[in-house]
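Chemist: File input-v8.pdb below, PDB, C-alpha atoms:
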MODEL        1
ATOM      1  CA  MET T  22     -84.824 -73.675 115.601  1.00  0.00           C
ATOM      2  CA  VAL T  23     -85.322 -69.927 115.920  1.00  0.00           C
ATOM      3  CA  GLU T  24     -88.018 -68.383 113.789  1.00  0.00           C
ATOM      4  CA  SER T  25     -87.071 -64.948 112.558  1.00  0.00           C
ATOM      5  CA  THR T  26     -90.174 -62.833 112.150  1.00  0.00           C
ATOM      6  CA  ILE T  27     -90.145 -59.079 111.895  1.00  0.00           C
ATOM      7  CA  LYS T  28     -93.095 -57.501 113.595  1.00  0.00           C
ATOM      8  CA  THR T  29     -94.883 -54.821 111.642  1.00  0.00           C
ATOM      9  CA  ILE T  30     -97.650 -52.317 112.172  1.00  0.00           C
ATOM     10  CA  GLN T  31    -100.443 -51.387 109.802  1.00  0.00           C
ATOM     11  CA  VAL T  32    -101.722 -47.849 109.314  1.00  0.00           C
ATOM     12  CA  LYS T  33    -104.344 -46.289 107.095  1.00  0.00           C
ATOM     13  CA  VAL T  34    -103.211 -43.158 105.240  1.00  0.00           C
ATOM     14  CA  LYS T  35    -105.915 -40.706 104.149  1.00  0.00           C
ATOM     15  CA  LEU T  36    -104.899 -38.704 101.096  1.00  0.00           C
ATOM     16  CA  PHE T  37    -106.131 -35.250 100.126  1.00  0.00           C
ATOM     17  CA  ALA T  38    -105.601 -32.801  97.265  1.00  0.00           C
ATOM     18  CA  ILE T  39    -102.327 -33.423  95.371  1.00  0.00           C
ATOM     19  CA  TYR T  40    -101.616 -36.687  97.218  1.00  0.00           C
ATOM     20  CA  GLN T  41    -105.007 -38.092  96.242  1.00  0.00           C
ATOM     21  CA  GLU T  42    -104.569 -36.925  92.652  1.00  0.00           C
ATOM     22  CA  VAL T  43    -101.123 -38.494  92.266  1.00  0.00           C
ATOM     23  CA  PHE T  44    -102.050 -41.824  93.866  1.00  0.00           C
ATOM     24  CA  ASP T  45    -105.538 -41.801  92.313  1.00  0.00           C
ATOM     25  CA  THR T  46    -107.106 -43.081  95.541  1.00  0.00           C
ATOM     26  CA  PRO T  47    -108.446 -41.463  98.729  1.00  0.00           C
ATOM     27  CA  GLU T  48    -106.531 -43.787 101.061  1.00  0.00           C
ATOM     28  CA  LEU T  49    -103.716 -46.300 101.319  1.00  0.00           C
ATOM     29  CA  ASP T  50    -103.063 -49.149 103.739  1.00  0.00           C
ATOM     30  CA  LEU T  51     -99.382 -49.347 104.641  1.00  0.00           C
ATOM     31  CA  VAL T  52     -97.358 -51.945 106.514  1.00  0.00           C
ATOM     32  CA  LEU T  53     -94.501 -50.333 108.433  1.00  0.00           C
ATOM     33  CA  LEU T  54     -91.774 -51.272 110.840  1.00  0.00           C
ATOM     34  CA  PRO T  55     -92.418 -50.571 114.516  1.00  0.00           C
ATOM     35  CA  GLN T  56     -91.257 -47.124 115.618  1.00  0.00           C
ATOM     36  CA  SER T  57     -92.017 -45.654 112.186  1.00  0.00           C
ATOM     37  CA  THR T  58     -92.943 -41.979 112.211  1.00  0.00           C
ATOM     38  CA  VAL T  59     -95.333 -39.827 110.239  1.00  0.00           C
ATOM     39  CA  ASN T  60     -92.318 -38.532 108.318  1.00  0.00           C
ATOM     40  CA  ASN T  61     -91.389 -42.120 107.371  1.00  0.00           C
ATOM     41  CA  VAL T  62     -94.832 -42.417 105.758  1.00  0.00           C
ATOM     42  CA  LEU T  63     -94.318 -39.207 103.803  1.00  0.00           C
ATOM     43  CA  GLN T  64     -90.837 -40.258 102.662  1.00  0.00           C
ATOM     44  CA  SER T  65     -92.184 -43.634 101.533  1.00  0.00           C
ATOM     45  CA  LEU T  66     -94.854 -41.930  99.429  1.00  0.00           C
ATOM     46  CA  ILE T  67     -92.286 -39.554  97.908  1.00  0.00           C
ATOM     47  CA  GLU T  68     -90.068 -42.521  97.004  1.00  0.00           C
ATOM     48  CA  GLN T  69     -93.027 -44.020  95.144  1.00  0.00           C
ATOM     49  CA  LYS T  70     -94.066 -40.729  93.520  1.00  0.00           C
ATOM     50  CA  PRO T  71     -91.062 -38.336  93.397  1.00  0.00           C
ATOM     51  CA  GLN T  72     -93.190 -35.505  92.009  1.00  0.00           C
ATOM     52  CA  LEU T  73     -94.595 -35.101  95.538  1.00  0.00           C
ATOM     53  CA  ALA T  74     -91.226 -33.982  96.941  1.00  0.00           C
ATOM     54  CA  LYS T  75     -91.998 -30.315  96.335  1.00  0.00           C
ATOM     55  CA  TRP T  76     -94.911 -30.574  98.799  1.00  0.00           C
ATOM     56  CA  GLN T  77     -93.055 -32.138 101.726  1.00  0.00           C
ATOM     57  CA  GLU T  78     -92.041 -28.861 103.408  1.00  0.00           C
ATOM     58  CA  VAL T  79     -95.597 -27.512 103.437  1.00  0.00           C
ATOM     59  CA  THR T  80     -97.501 -30.689 104.306  1.00  0.00           C
ATOM     60  CA  ARG T  81     -99.108 -30.925 107.737  1.00  0.00           C
ATOM     61  CA  PHE T  82     -99.931 -34.164 109.500  1.00  0.00           C
ATOM     62  CA  GLY T  83    -102.700 -35.672 111.544  1.00  0.00           C
ATOM     63  CA  VAL T  84    -102.924 -38.944 113.439  1.00  0.00           C
ATOM     64  CA  ASN T  85    -106.249 -40.170 114.757  1.00  0.00           C
ATOM     65  CA  LEU T  86    -107.915 -36.776 114.197  1.00  0.00           C
ATOM     66  CA  LYS T  87    -105.211 -34.731 115.977  1.00  0.00           C
ATOM     67  CA  PHE T  88    -102.576 -32.511 114.381  1.00  0.00           C
ATOM     68  CA  VAL T  89     -99.107 -33.911 115.079  1.00  0.00           C
ATOM     69  CA  SER T  90     -95.462 -33.207 114.252  1.00  0.00           C
ATOM     70  CA  SER T  91     -93.580 -35.185 111.626  1.00  0.00           C
ATOM     71  CA  ASP T  92     -91.584 -37.082 114.261  1.00  0.00           C
ATOM     72  CA  THR T  93     -94.710 -38.595 115.852  1.00  0.00           C
ATOM     73  CA  GLN T  94     -94.254 -42.338 116.241  1.00  0.00           C
ATOM     74  CA  LEU T  95     -97.048 -44.472 114.829  1.00  0.00           C
ATOM     75  CA  GLN T  96     -98.896 -47.355 116.448  1.00  0.00           C
ATOM     76  CA  ASP T  97    -100.644 -50.306 114.850  1.00  0.00           C
ATOM     77  CA  GLY T  98    -104.068 -49.248 113.562  1.00  0.00           C
ATOM     78  CA  ASP T  99    -103.377 -45.498 113.454  1.00  0.00           C
ATOM     79  CA  GLU T 100    -105.047 -43.320 110.840  1.00  0.00           C
ATOM     80  CA  VAL T 101    -102.576 -40.884 109.277  1.00  0.00           C
ATOM     81  CA  VAL T 102    -103.692 -37.829 107.334  1.00  0.00           C
ATOM     82  CA  LEU T 103    -101.403 -35.882 104.983  1.00  0.00           C
ATOM     83  CA  ILE T 104    -102.640 -32.327 104.562  1.00  0.00           C
ATOM     84  CA  PRO T 105    -101.036 -30.309 101.774  1.00  0.00           C
ATOM     85  CA  PRO T 106    -101.938 -26.644 101.367  1.00  0.00           C
ATOM     86  CA  VAL T 107    -105.203 -26.240  99.516  1.00  0.00           C
ATOM     87  CA  SER T 108    -106.764 -23.251  97.873  1.00  0.00           C
ATOM     88  CA  GLY T 109    -110.272 -22.666  96.812  1.00  0.00           C
ATOM     89  CA  GLY T 110    -112.887 -20.094  96.413  1.00  0.00           C
TER      90      GLY T 110
ENDMDL
END
Translate this file's structure into structure tokens.
Modeler:
Amino acid sequence: MVESTIKTIQVKVKLFAIYQEVFDTPELDLVLLPQSTVNNVLQSLIEQKPQLAKWQEVTRFGVNLKFVSSDTQLQDGDEVVLIPPVSGG
């Protein structure tokens, strides 16, 4: 008998500004498929909250305290940060 189990990875997503407002929490724990990218995380959040789509082109990304590109592949235990533009005075 062959057991069919799909391996997954877990990441913590830190939310700021509009992302935190929309999800009403400062962070999310996500379970993803291996080889998922930072952009996969963003697309998943937009699927859940479509009003975030207008921010996707201007959002920057960080993984484990380093700025990264959207095609950065994630590893189990990574901390992902979504950084929308912010203004203040």
Chemist: Excluding T:Leu66 and residues on its chain fewer than 6 positions from it, collect all residues at most 10 Å away from it, counting only C-alpha atoms, and give them as a list in words.
Modeler: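 Residues near the query, excluding close chain neighbours: Tyr40, Phe44, Asn60, Gln72, Leu73 and Ala74 of chain T.
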Chemist: Could you work out an axis-aligned box for stretch 65-72 of chain T, taking every atom the file lists and adding 5 Å on each side, and report centre and edge lengths in Å to one decimal, as lines of an AutoDock Vina configuration file?
Modeler:
center_x = -92.5
center_y = -39.8
center_z = 96.8
size_x = 14.8
size_y = 18.5
size_z = 19.5
Chemist: What do you get, as an NGL selection string, if you spell out every residue that the PyMOL selection byres ((chain T and resi 90) around 12) selects here?
Modeler: :T and (58-61 or 80-84 or 87-89 or 91-95 or 101-103)
Chemist: For T:Leu54, work out the shell of residues within 8 Å, counting all atoms listed in the file and skipping chain neighbours fewer than 3 positions away, then give it as a list in words.
Modeler: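 In the requested form, the answer reads Lys28, Thr29, Ile30 and Ser57 of chain T.
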Chemist: Is there a way to get, as a PyMOL selection string, all residues within 9 Å of the point (-103.0, -44.9, 114.7) in file coordinates, counting all atoms listed in the file?
Modeler: chain T and resi 31-33+84-85+95-101
Chemist: Using only C-alpha atoms, which residue out of T:Leu86, T:Ile104, T:Val34, T:Val43 lies closest to T:Val62?
Modeler: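 Ranking T:Leu86, T:Ile104, T:Val34, T:Val43 by distance to T:Val62, first place goes to T:Val34.
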